[in-house]
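Peer 1: Once you've had a glance at the structure underneath, I'll fire off some questions.
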Amino acid sequence: MILSEKTVKKIREKASKYPKRKGAILPSLTLAYKQLGYVDNEIYIEISEVINVPQLEIAEAASFYTMFPKKPRGKYLLQVCNNISCALLGADAMVDRLEEKLAIKRGETTDDGLFTLISVECLGSCCTAPMIQINDDFHENLTREKLDKLLESLKNGK
Amino acid sequence: MSEVVKEKITAVDTVTCTIDGQQITVPRGTSVFDAAGQIGIVIPAFCNHAKLKPVGACRMCYVEIEKMPKLQVSCATMATDGMVVSTNSQQVREGRKAVIEFTLINHPLDCPTCDKGGECDLQDLTFDHGYDDSRFGFDKMRFIEEEKRDTFDDLKIGPEIVLNRNRCILCYKCVRANKEAFGEYDIGAFERGDLTEINATPGGEVSNPFSGNLVEICPVGALTNSDWRYKIRVWLTKTVPSICNFSGSGTNITFYKEDHKNFVYRVTSRCNDAIDDGWLSDITRYGYQIVNSESRLKTPLIKKGGKQVKASWDEALAVIKKHMGQIKDQSGGVCIGGLISPSLDNASLYSFSKLFRTVFKSNNIDFRGDYRYLPSVTDSLFTIAASQPFSISDIEKSDVIITFGTDLIREHHNEYLKIRRAVNFYNSTVYSVNPYAVKTADIAKSEMVYSPGTDELVINGICLVAIEKKLVNSSAAAKLKSKISKLSPGVLAKLTGLSKEQFEELAEAISSAKKVTFIVGEIVARSLDRDKICAALSNLNKLFGVQDKGQLAVLSRYANSKGAQKLGLSATPYEIVKDELKKIWGEYPDCQPRNTDAMINLMKKEEIKGFITVGANPMRLYPDRSFASEGLEHVDFLVACDMFETETTELADVVLPLCSWAEYDGDYINLEGKVQTGKQAIKPKYESKAAFEIMELIARQLGAKLFENEQVKNEEIEKLLKLDSVLPWPDDFLKIEYEKKSSQDGYPVPLFICDDPHHSGHLTEKSPSLLNFSDSAYVELSKGLAAKIGVADGDPLRVESPVGKIVVPAKISPVLNSDVAIIPRNFSSTQTTSLLMRKKRVDSVKLTRVEE
């Protein structure tokens, strides 16, 4: 099992609250994603066994939602907003800088498995543009220096 | 319900609307699309399917409805009172044009190389409703597997099915049919928006026993099958209506044939709502390939010096004349016996019976070659149970459906789908009561798995609990109680492995149901104690009045089992059939009747010297191979008629090539008792002849004549078919003794030999497409049992019974949950029936891992 016992227990708990088993697909995927940071076919099979819904139904639902990553991602997910406010204030330069520093392209993960870089649509923080969301946290009013410092501190495990 | 009340309900439950100026009244809940269809107005559509729930995905069925601001999809809009619809207004026509244009944005223009060309909905509707030209200049989107760039984007997603995602217009019919109608989850829609694609489940393939339907209902060339791909263009073929020859339900099919090549190219459904809803099992769809098989018997064969050599019909018949004549003259016709396949048509069956009974004057005939030790009495309870009326279309009208002793997906595909439909569309409740977990379980309200060999006790348990809980008429209850009171429900529960609550649940369900369908299947029919089980069913029927409010029957398994019974093909036909035969022929042999089992027994005693098999393969299918082979090897003169060389023809002195059902007109009676005609599609291949011709030829060789002409034959058959063939149940409740059966020490796992879900009988292994799905024997077992033995999927496993031993790969079943082994009997490469003993109620085996 890739899913931890804790996750399986949580999935069971959630699943028991739905009148139809199919209803538990999305919450189960979310729980699996929270544990692993991604979902893939093996996870679908495991979830299918836990909530007794065909693997196909889970795969279909997961593929529909683009915000479930389908392969493992770095420890830190760097989500650079590229919508209008951020773009006007230099989001592209941010991405370029990150690509250069991490030696990866958008959508890729560093070899050490620490960083995954993606650009995303508006995160609702336009007044503090440009900004980046790292995992669940916002980092706002970015400048080149601030970004470098941020990367350093993450690399050092803070 | 009184007529008045009924009328009231109908009055309330209908709506009247106007479609294109015509008024129509339809039941509430009817879609505008269907309502229009009823008055002959055809609305174009891609995603709508009469047997599936509407989704409104393709938008092609737009109609204009008064007071609604925009065009509506007629398939998902229900007709309401006073609705005024127009299906062909200017706005509608423009709407359709736009839909077609939109659908074609990414659809490739590869009609010349597309296999669907000529019968493509998109092609037809574009011609009817689309623009001549496209306004989209940019490149079409393509799904390409990088490494497969040169393969026209084709992707094999199953043993038979090839997918081309570029052509897909996302009507979702395949996915919906798979889930809604077949309950299978091996094809789905992934991603979203313009990236949406149909594909097999990740890591899986589309190989369910109904997968051929997906190809047939695809409105474009996105799903094609290797059976038909690139072989011929559809407009070069002609169609012939026929009947499936592999199932008891007689699903309606269409042959696509080409006359110059004398070749059948494919089979598609011919929707008959009363029987099949237009769905075919893969066996029906791909099984026809045996007709074209290169390995068919091409000429008669005669055994010369221990070897079978090719011969002409005249030579073969002369040999038959010599030997059969000799046996008849010297030992008497009673030393000749015969076994015929119940898949043959009425004329063949009747000719066979007439040949034996009037020319050989023998009563040694049977059509049941795969049942162990049969009762020889006419009105055995099993025969009565099997003669009960049954209606396929009543399944979906029943609120309670009980499947007892039947693994539907291996026996009755059509009824399996009907039950699914009853649950999904009519809210029926299904109870699955079987000695092992079956595929029907996912739609069953309760699945009850009893220990193998306790079938009649389960029925007794239901009856007793019903009496205890006062769910049934008290006088009937008292009468029955005196007959089966020995064992209490508690004891029965223990013996059967079920619980008292489960008995109660079933009793409750049957007694409270408005309409019941009680299906009894092959597991009961093949049981040694089939009579005892049917006695219990007789009691149950009487106690609950099942047939007064529904149906209860043992379903017949083969294409013409019902016909064989009606025409008197068993050694002991029904009394009325016997009387009628006497009347028609002016004679009837008064010698001892002998069924398959008795005949094989007599072969060993050399009391049966001549034997004729027609389409039957007792060597493979008789549930005790050593018994059958010992018998058949003892026969002095064996004539075997079949389409292929089989285990039985190998032993024969004369082998005659038999026609397939596609090569002559024949009538077949399905399990409902409905007579249907299978039309001739092609001329008999090679030198094969139909069974009725062969019988006539043999009779003439022996100086007799079966029929003056065809008309006489048909009239005689007609007379027999007119007889009422439903036998009455016994008037009284029956006593059922319980004997404790000692289990075989050292052989702990109960064994069931049945058909593979993709095969039927001994012929389908000659169909290449069906072999793609499943091509050799395996032993199916539960995850738990596999773990106990220590085998993984595909590991070789030694299966030993007290009489035989085979080695086959293990197959871990997603369905089974108890310790049983299931092995298919359809493959000549494995002698499955050598594990069986004919006088055993439950065969059991020992499973051991084969060490490397």
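Residue names in the structure tokens use chain letters A, B, ... in the order shown, residue numbers from 1 in each chain, and ligand numbers from 1 in the order shown.
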Residues of chain B within 7 Å of chain A, counting only C-alpha atoms, what are they? List them as a list in words.
Peer 2: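 Contact residues on the first chain: Tyr185, Asp186, Gly188, Ala189, Phe190, Glu191, Arg192, Thr201 and Pro202 of chain B.
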Peer 1: Near stretch 573-581 of chain B, counting only C-alpha atoms, which residues have an atom at most 10 Å away, once you skip same-chain residues fewer than 5 positions from it, shown as a VMD selection string?
Peer 2: chain B and resid 353 to 354 357 366 376 to 379 383 to 384 564 to 568 586 to 588 593 716 to 717 719 to 721 723 to 727
Peer 1: Just N, CA, C and O atoms for this one: save the residues we selected as a tab-separated table (two decimals), in the first residue's frame.
Peer 2:
```
chain	number	residue	atom	x	y	z
B	353	SER	N	-34.94	-37.71	-34.84
B	353	SER	CA	-35.88	-38.51	-34.06
B	353	SER	C	-36.60	-39.52	-34.95
B	353	SER	O	-36.74	-40.70	-34.62
B	354	LYS	N	-37.03	-39.03	-36.12
B	354	LYS	CA	-37.79	-39.91	-37.00
B	354	LYS	C	-36.92	-41.04	-37.55
B	354	LYS	O	-37.36	-42.19	-37.67
B	357	ARG	N	-36.57	-43.52	-34.63
B	357	ARG	CA	-37.78	-44.18	-34.13
B	357	ARG	C	-38.54	-44.94	-35.21
B	357	ARG	O	-39.25	-45.89	-34.89
B	366	ASP	N	-30.98	-38.86	-27.51
B	366	ASP	CA	-30.97	-37.81	-26.50
B	366	ASP	C	-30.34	-36.56	-27.12
B	366	ASP	O	-29.67	-36.63	-28.15
B	376	SER	N	-34.47	-40.86	-16.22
B	376	SER	CA	-35.01	-41.40	-17.46
B	376	SER	C	-36.53	-41.35	-17.49
B	376	SER	O	-37.15	-41.76	-18.44
B	377	VAL	N	-37.12	-40.84	-16.43
B	377	VAL	CA	-38.58	-40.76	-16.42
B	377	VAL	C	-39.04	-39.50	-17.15
B	377	VAL	O	-38.38	-38.49	-17.11
B	378	THR	N	-40.17	-39.61	-17.80
B	378	THR	CA	-40.66	-38.48	-18.57
B	378	THR	C	-40.91	-37.27	-17.70
B	378	THR	O	-40.39	-36.20	-17.92
B	379	ASP	N	-41.77	-37.46	-16.69
B	379	ASP	CA	-42.21	-36.31	-15.94
B	379	ASP	C	-41.35	-36.10	-14.70
B	379	ASP	O	-41.86	-35.83	-13.63
B	383	THR	N	-37.69	-32.06	-15.56
B	383	THR	CA	-38.32	-31.81	-16.85
B	383	THR	C	-39.51	-30.86	-16.69
B	383	THR	O	-39.74	-29.98	-17.52
B	384	ILE	N	-40.24	-31.06	-15.61
B	384	ILE	CA	-41.38	-30.16	-15.37
B	384	ILE	C	-40.89	-28.73	-15.17
B	384	ILE	O	-41.40	-27.79	-15.79
B	564	ALA	N	-35.99	-29.13	-28.95
B	564	ALA	CA	-35.68	-30.55	-28.78
B	564	ALA	C	-36.67	-31.20	-27.82
B	564	ALA	O	-37.15	-32.31	-28.05
B	565	GLN	N	-37.00	-30.48	-26.76
B	565	GLN	CA	-37.96	-31.02	-25.80
B	565	GLN	C	-39.34	-31.14	-26.43
B	565	GLN	O	-40.01	-32.15	-26.31
B	566	LYS	N	-39.74	-30.11	-27.18
B	566	LYS	CA	-41.07	-30.11	-27.79
B	566	LYS	C	-41.21	-31.18	-28.85
B	566	LYS	O	-42.29	-31.73	-29.07
B	567	LEU	N	-40.11	-31.43	-29.58
B	567	LEU	CA	-40.19	-32.40	-30.67
B	567	LEU	C	-39.91	-33.82	-30.19
B	567	LEU	O	-39.85	-34.75	-30.97
B	568	GLY	N	-39.71	-33.96	-28.89
B	568	GLY	CA	-39.54	-35.31	-28.35
B	568	GLY	C	-38.18	-35.91	-28.60
B	568	GLY	O	-38.05	-37.09	-28.90
B	586	GLY	N	-47.84	-43.49	-37.18
B	586	GLY	CA	-48.56	-44.76	-37.15
B	586	GLY	C	-47.79	-45.83	-36.40
B	586	GLY	O	-48.16	-47.01	-36.41
B	587	GLU	N	-46.71	-45.45	-35.78
B	587	GLU	CA	-45.92	-46.42	-35.01
B	587	GLU	C	-45.06	-45.66	-34.01
B	587	GLU	O	-44.85	-44.46	-34.13
B	588	TYR	N	-44.58	-46.37	-33.02
B	588	TYR	CA	-43.63	-45.78	-32.08
B	588	TYR	C	-42.93	-46.96	-31.41
B	588	TYR	O	-43.58	-47.90	-30.97
B	593	PRO	N	-36.55	-46.90	-23.45
B	593	PRO	CA	-35.90	-45.64	-23.82
B	593	PRO	C	-34.57	-45.47	-23.08
B	593	PRO	O	-34.48	-45.82	-21.89
B	716	GLU	N	-45.57	-32.01	-40.27
B	716	GLU	CA	-45.42	-32.89	-39.11
B	716	GLU	C	-44.85	-32.11	-37.93
B	716	GLU	O	-45.31	-32.23	-36.80
B	717	ILE	N	-43.84	-31.28	-38.21
B	717	ILE	CA	-43.24	-30.49	-37.13
B	717	ILE	C	-44.27	-29.53	-36.55
B	717	ILE	O	-44.41	-29.38	-35.35
B	719	LYS	N	-47.40	-29.85	-36.35
B	719	LYS	CA	-48.34	-30.55	-35.46
B	719	LYS	C	-47.77	-30.69	-34.06
B	719	LYS	O	-48.48	-30.53	-33.07
B	720	LEU	N	-46.49	-30.99	-33.98
B	720	LEU	CA	-45.87	-31.18	-32.67
B	720	LEU	C	-45.73	-29.86	-31.93
B	720	LEU	O	-45.90	-29.78	-30.72
B	721	LEU	N	-45.42	-28.82	-32.68
B	721	LEU	CA	-45.21	-27.53	-32.03
B	721	LEU	C	-46.50	-26.96	-31.48
B	721	LEU	O	-46.49	-26.11	-30.59
B	723	LEU	N	-48.65	-28.52	-29.80
B	723	LEU	CA	-48.99	-29.12	-28.52
B	723	LEU	C	-48.56	-28.21	-27.37
B	723	LEU	O	-47.54	-27.53	-27.45
B	724	ASP	N	-49.37	-28.23	-26.32
B	724	ASP	CA	-49.01	-27.45	-25.15
B	724	ASP	C	-47.92	-28.20	-24.41
B	724	ASP	O	-48.12	-29.31	-23.94
B	725	SER	N	-46.78	-27.58	-24.31
B	725	SER	CA	-45.66	-28.34	-23.76
B	725	SER	C	-45.32	-27.96	-22.32
B	725	SER	O	-44.27	-28.30	-21.83
B	726	VAL	N	-46.22	-27.24	-21.66
B	726	VAL	CA	-45.95	-26.91	-20.26
B	726	VAL	C	-46.49	-28.04	-19.40
B	726	VAL	O	-47.69	-28.33	-19.43
B	727	LEU	N	-45.62	-28.69	-18.65
B	727	LEU	CA	-46.06	-29.79	-17.80
B	727	LEU	C	-46.53	-29.23	-16.46
B	727	LEU	O	-45.93	-28.29	-15.93
```
Peer 1: Go through A:Met1, A:Ala93, A:Ala24, A:Leu36 one by one, measure the shortest atom-to-atom distance of each to A:Lys75 using only C-alpha atoms, and give the residue with the smallest value.
Peer 2: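 Of all the options, A:Leu36 lies closest to A:Lys75.
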Peer 1: Nearest residue to B:Cys659 out of B:Asn292, B:Ser828, B:Thr677, B:Ser362, using only C-alpha atoms?
Peer 2: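 Selected residue with least distance to B:Cys659: B:Asn292.
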Peer 1: Identify which of the residues A:Ala32, A:Cys127, A:Val50, A:Cys81 lies closest to A:Ala15, counting only C-alpha atoms when measuring atom-to-atom distances.
Peer 2: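 The answer is A:Val50, which sits nearest to A:Ala15.
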Peer 1: For B:Pro623, work out the shell of residues within 12 Å, counting only C-alpha atoms and skipping chain neighbours fewer than 4 positions away, then give it as a PyMOL selection string.
Peer 2: chain B and resi 368-374+526-528+596-597+617-619+627-629+751-754+803+825+831-843
Peer 1: Can you check which residues of stretch 1-152 of chain A DSSP gives as strand (DSSP E) on the backbone and send them as a list of chain:residue names?
Peer 2: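 So, restricting stretch 1-152 of chain A to strand (DSSP E), we get A:Tyr76, A:Leu77, A:Leu78, A:Gln79, A:Val80, A:Cys81, A:Phe115, A:Thr116, A:Leu117, A:Ile118, A:Ser119, A:Val120, A:Ile132, A:Gln133, A:Ile134, A:Asp137, A:Phe138, A:His139.
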Peer 1: If we count only C-alpha atoms and set the cut-off at 12 Å, which residues sit around A:Phe138, ignoring sequence neighbours fewer than 2 positions away in its own chain? Please answer as a list in words.
Peer 2: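 The residues that qualify are Leu77, Leu78, Gln79, Val80, Cys81, Leu123, Gly124, Ser125, Cys126, Thr128, Ala129, Pro130, Met131, Ile132, Gln133, Ile134, Asn135, Asp136, Glu140, Asn141, Leu142 and Leu150 of chain A.
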Peer 1: I need the residues from that last selection saved to file as a PDB file, in the first residue's frame (with N, CA and C atoms), if you can.
Peer 2:
```
ATOM      1  N   LEU A  77       6.378  23.267  -4.074  1.00  0.00           N
ATOM      2  CA  LEU A  77       5.727  23.558  -5.342  1.00  0.00           C
ATOM      3  C   LEU A  77       5.699  25.068  -5.520  1.00  0.00           C
ATOM      4  N   LEU A  78       6.464  25.556  -6.477  1.00  0.00           N
ATOM      5  CA  LEU A  78       6.535  26.989  -6.711  1.00  0.00           C
ATOM      6  C   LEU A  78       5.494  27.372  -7.746  1.00  0.00           C
ATOM      7  N   GLN A  79       4.488  28.091  -7.298  1.00  0.00           N
ATOM      8  CA  GLN A  79       3.407  28.458  -8.204  1.00  0.00           C
ATOM      9  C   GLN A  79       3.455  29.954  -8.448  1.00  0.00           C
ATOM     10  N   VAL A  80       3.968  30.311  -9.622  1.00  0.00           N
ATOM     11  CA  VAL A  80       4.100  31.735  -9.925  1.00  0.00           C
ATOM     12  C   VAL A  80       2.839  32.199 -10.642  1.00  0.00           C
ATOM     13  N   CYS A  81       2.219  33.224 -10.092  1.00  0.00           N
ATOM     14  CA  CYS A  81       1.031  33.764 -10.737  1.00  0.00           C
ATOM     15  C   CYS A  81       1.435  34.487 -12.016  1.00  0.00           C
ATOM     16  N   LEU A 123      -4.131  34.167  -8.292  1.00  0.00           N
ATOM     17  CA  LEU A 123      -4.284  33.617  -6.950  1.00  0.00           C
ATOM     18  C   LEU A 123      -4.986  34.607  -6.018  1.00  0.00           C
ATOM     19  N   GLY A 124      -5.463  35.691  -6.597  1.00  0.00           N
ATOM     20  CA  GLY A 124      -6.261  36.632  -5.806  1.00  0.00           C
ATOM     21  C   GLY A 124      -5.430  37.519  -4.889  1.00  0.00           C
ATOM     22  N   SER A 125      -4.216  37.763  -5.305  1.00  0.00           N
ATOM     23  CA  SER A 125      -3.385  38.606  -4.455  1.00  0.00           C
ATOM     24  C   SER A 125      -2.784  39.727  -5.300  1.00  0.00           C
ATOM     25  N   CYS A 126      -3.633  40.365  -6.117  1.00  0.00           N
ATOM     26  CA  CYS A 126      -3.164  41.315  -7.119  1.00  0.00           C
ATOM     27  C   CYS A 126      -2.540  42.559  -6.488  1.00  0.00           C
ATOM     28  N   THR A 128      -0.662  42.805  -4.104  1.00  0.00           N
ATOM     29  CA  THR A 128       0.704  42.581  -3.624  1.00  0.00           C
ATOM     30  C   THR A 128       1.567  41.954  -4.709  1.00  0.00           C
ATOM     31  N   ALA A 129       1.169  42.145  -5.989  1.00  0.00           N
ATOM     32  CA  ALA A 129       1.889  41.535  -7.109  1.00  0.00           C
ATOM     33  C   ALA A 129       3.293  42.100  -7.211  1.00  0.00           C
ATOM     34  N   PRO A 130       4.244  41.381  -7.773  1.00  0.00           N
ATOM     35  CA  PRO A 130       4.132  39.973  -8.187  1.00  0.00           C
ATOM     36  C   PRO A 130       4.230  39.060  -6.987  1.00  0.00           C
ATOM     37  N   MET A 131       3.648  37.868  -7.125  1.00  0.00           N
ATOM     38  CA  MET A 131       3.637  36.978  -5.973  1.00  0.00           C
ATOM     39  C   MET A 131       3.841  35.546  -6.414  1.00  0.00           C
ATOM     40  N   ILE A 132       4.145  34.711  -5.427  1.00  0.00           N
ATOM     41  CA  ILE A 132       4.339  33.300  -5.688  1.00  0.00           C
ATOM     42  C   ILE A 132       3.730  32.537  -4.530  1.00  0.00           C
ATOM     43  N   GLN A 133       3.114  31.432  -4.819  1.00  0.00           N
ATOM     44  CA  GLN A 133       2.612  30.577  -3.744  1.00  0.00           C
ATOM     45  C   GLN A 133       3.522  29.358  -3.664  1.00  0.00           C
ATOM     46  N   ILE A 134       4.088  29.133  -2.488  1.00  0.00           N
ATOM     47  CA  ILE A 134       4.932  27.963  -2.293  1.00  0.00           C
ATOM     48  C   ILE A 134       4.189  27.032  -1.351  1.00  0.00           C
ATOM     49  N   ASN A 135       3.869  25.870  -1.876  1.00  0.00           N
ATOM     50  CA  ASN A 135       2.938  24.970  -1.184  1.00  0.00           C
ATOM     51  C   ASN A 135       1.699  25.762  -0.760  1.00  0.00           C
ATOM     52  N   ASP A 136       1.443  25.932   0.536  1.00  0.00           N
ATOM     53  CA  ASP A 136       0.218  26.634   0.908  1.00  0.00           C
ATOM     54  C   ASP A 136       0.415  28.101   1.259  1.00  0.00           C
ATOM     55  N   GLU A 140       4.739  37.589  -1.111  1.00  0.00           N
ATOM     56  CA  GLU A 140       4.231  38.689  -1.911  1.00  0.00           C
ATOM     57  C   GLU A 140       5.253  39.807  -2.117  1.00  0.00           C
ATOM     58  N   ASN A 141       4.846  40.744  -2.984  1.00  0.00           N
ATOM     59  CA  ASN A 141       5.692  41.902  -3.299  1.00  0.00           C
ATOM     60  C   ASN A 141       7.128  41.477  -3.599  1.00  0.00           C
ATOM     61  N   LEU A 142       7.264  40.510  -4.486  1.00  0.00           N
ATOM     62  CA  LEU A 142       8.572  39.918  -4.728  1.00  0.00           C
ATOM     63  C   LEU A 142       9.492  40.846  -5.496  1.00  0.00           C
ATOM     64  N   LEU A 150      14.623  33.748  -0.623  1.00  0.00           N
ATOM     65  CA  LEU A 150      13.579  32.744  -0.363  1.00  0.00           C
ATOM     66  C   LEU A 150      14.062  31.363  -0.781  1.00  0.00           C
TER      67      LEU A 150
END
```
Peer 1: Can you pull out every residue within 6 Å of A:Gly74, counting only C-alpha atoms, but drop anything in the same chain fewer than 4 positions away, and send it as a short mmCIF file (atom, residue, chain, number, x, y, z; two decimals) with N, CA and C atoms, in the first residue's frame?
Peer 2:
```cif
data_model
loop_
_atom_site.label_atom_id
_atom_site.label_comp_id
_atom_site.auth_asym_id
_atom_site.auth_seq_id
_atom_site.Cartn_x
_atom_site.Cartn_y
_atom_site.Cartn_z
N THR A 109 10.64 19.35 -12.48
CA THR A 109 11.05 19.20 -11.09
C THR A 109 12.58 19.10 -11.04
N GLY A 113 14.66 16.70 -6.31
CA GLY A 113 13.28 16.50 -5.84
C GLY A 113 12.81 17.57 -4.89
N LEU A 114 13.49 18.72 -4.89
CA LEU A 114 13.14 19.77 -3.93
C LEU A 114 12.10 20.74 -4.49
N PHE A 115 12.28 21.11 -5.76
CA PHE A 115 11.41 22.15 -6.32
C PHE A 115 10.70 21.70 -7.59
N THR A 116 9.43 22.09 -7.68
CA THR A 116 8.71 21.97 -8.94
C THR A 116 8.20 23.36 -9.28
#
```
Peer 1: Rank B:Leu702, B:Ala553, B:Ile584, B:Leu417 by their smallest atom-to-atom distance to B:Leu537, using only C-alpha atoms, and report the top residue only.
Peer 2: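 Once distances to B:Leu537 are computed over only C-alpha atoms, the minimum belongs to B:Ala553.
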Peer 1: With distances taken over only C-alpha atoms, which residue among B:Gly117, B:Leu104, B:Gln676, B:Cys641 lies nearest B:Cys168?
Peer 2: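 Nearest to B:Cys168: B:Leu104.
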Peer 1: For B:Thr496, list every protein, DNA or RNA residue within 6 Å, evaluated using only C-alpha atoms, and leave out those in the same chain fewer than 2 positions away; present the list as an MDAnalysis selection string.
Peer 2: chainID B and resid 450:451 454 492:494 498
Peer 1: For B:Ile812, find every residue with an atom within 9 Å (counting only C-alpha atoms), except residues of its own chain fewer than 2 positions away, and show them as a PyMOL selection string.
Peer 2: chain B and resi 779-783+786+792-794+810+814-816
Peer 1: Quote the spacing between atom CA of B:Ala274 and atom CA of B:His412 in Å to one decimal place.
Peer 2: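 Calculated distance between atom CA of B:Ala274 and atom CA of B:His412 is 15.5 Å.
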Peer 1: Between atom CA of B:Ala441 and atom CA of B:Asp407, what distance in Å does the model show, to one decimal?
Peer 2: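 The value is 10.3 Å.
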Peer 1: Can you check which residues of chain A DSSP gives as helix (DSSP H, G or I) on the backbone and send them as a VMD selection string?
Peer 2: chain A and resid 5 to 15 21 to 36 41 to 51 55 to 64 84 to 88 91 to 102 126 to 128 144 to 155
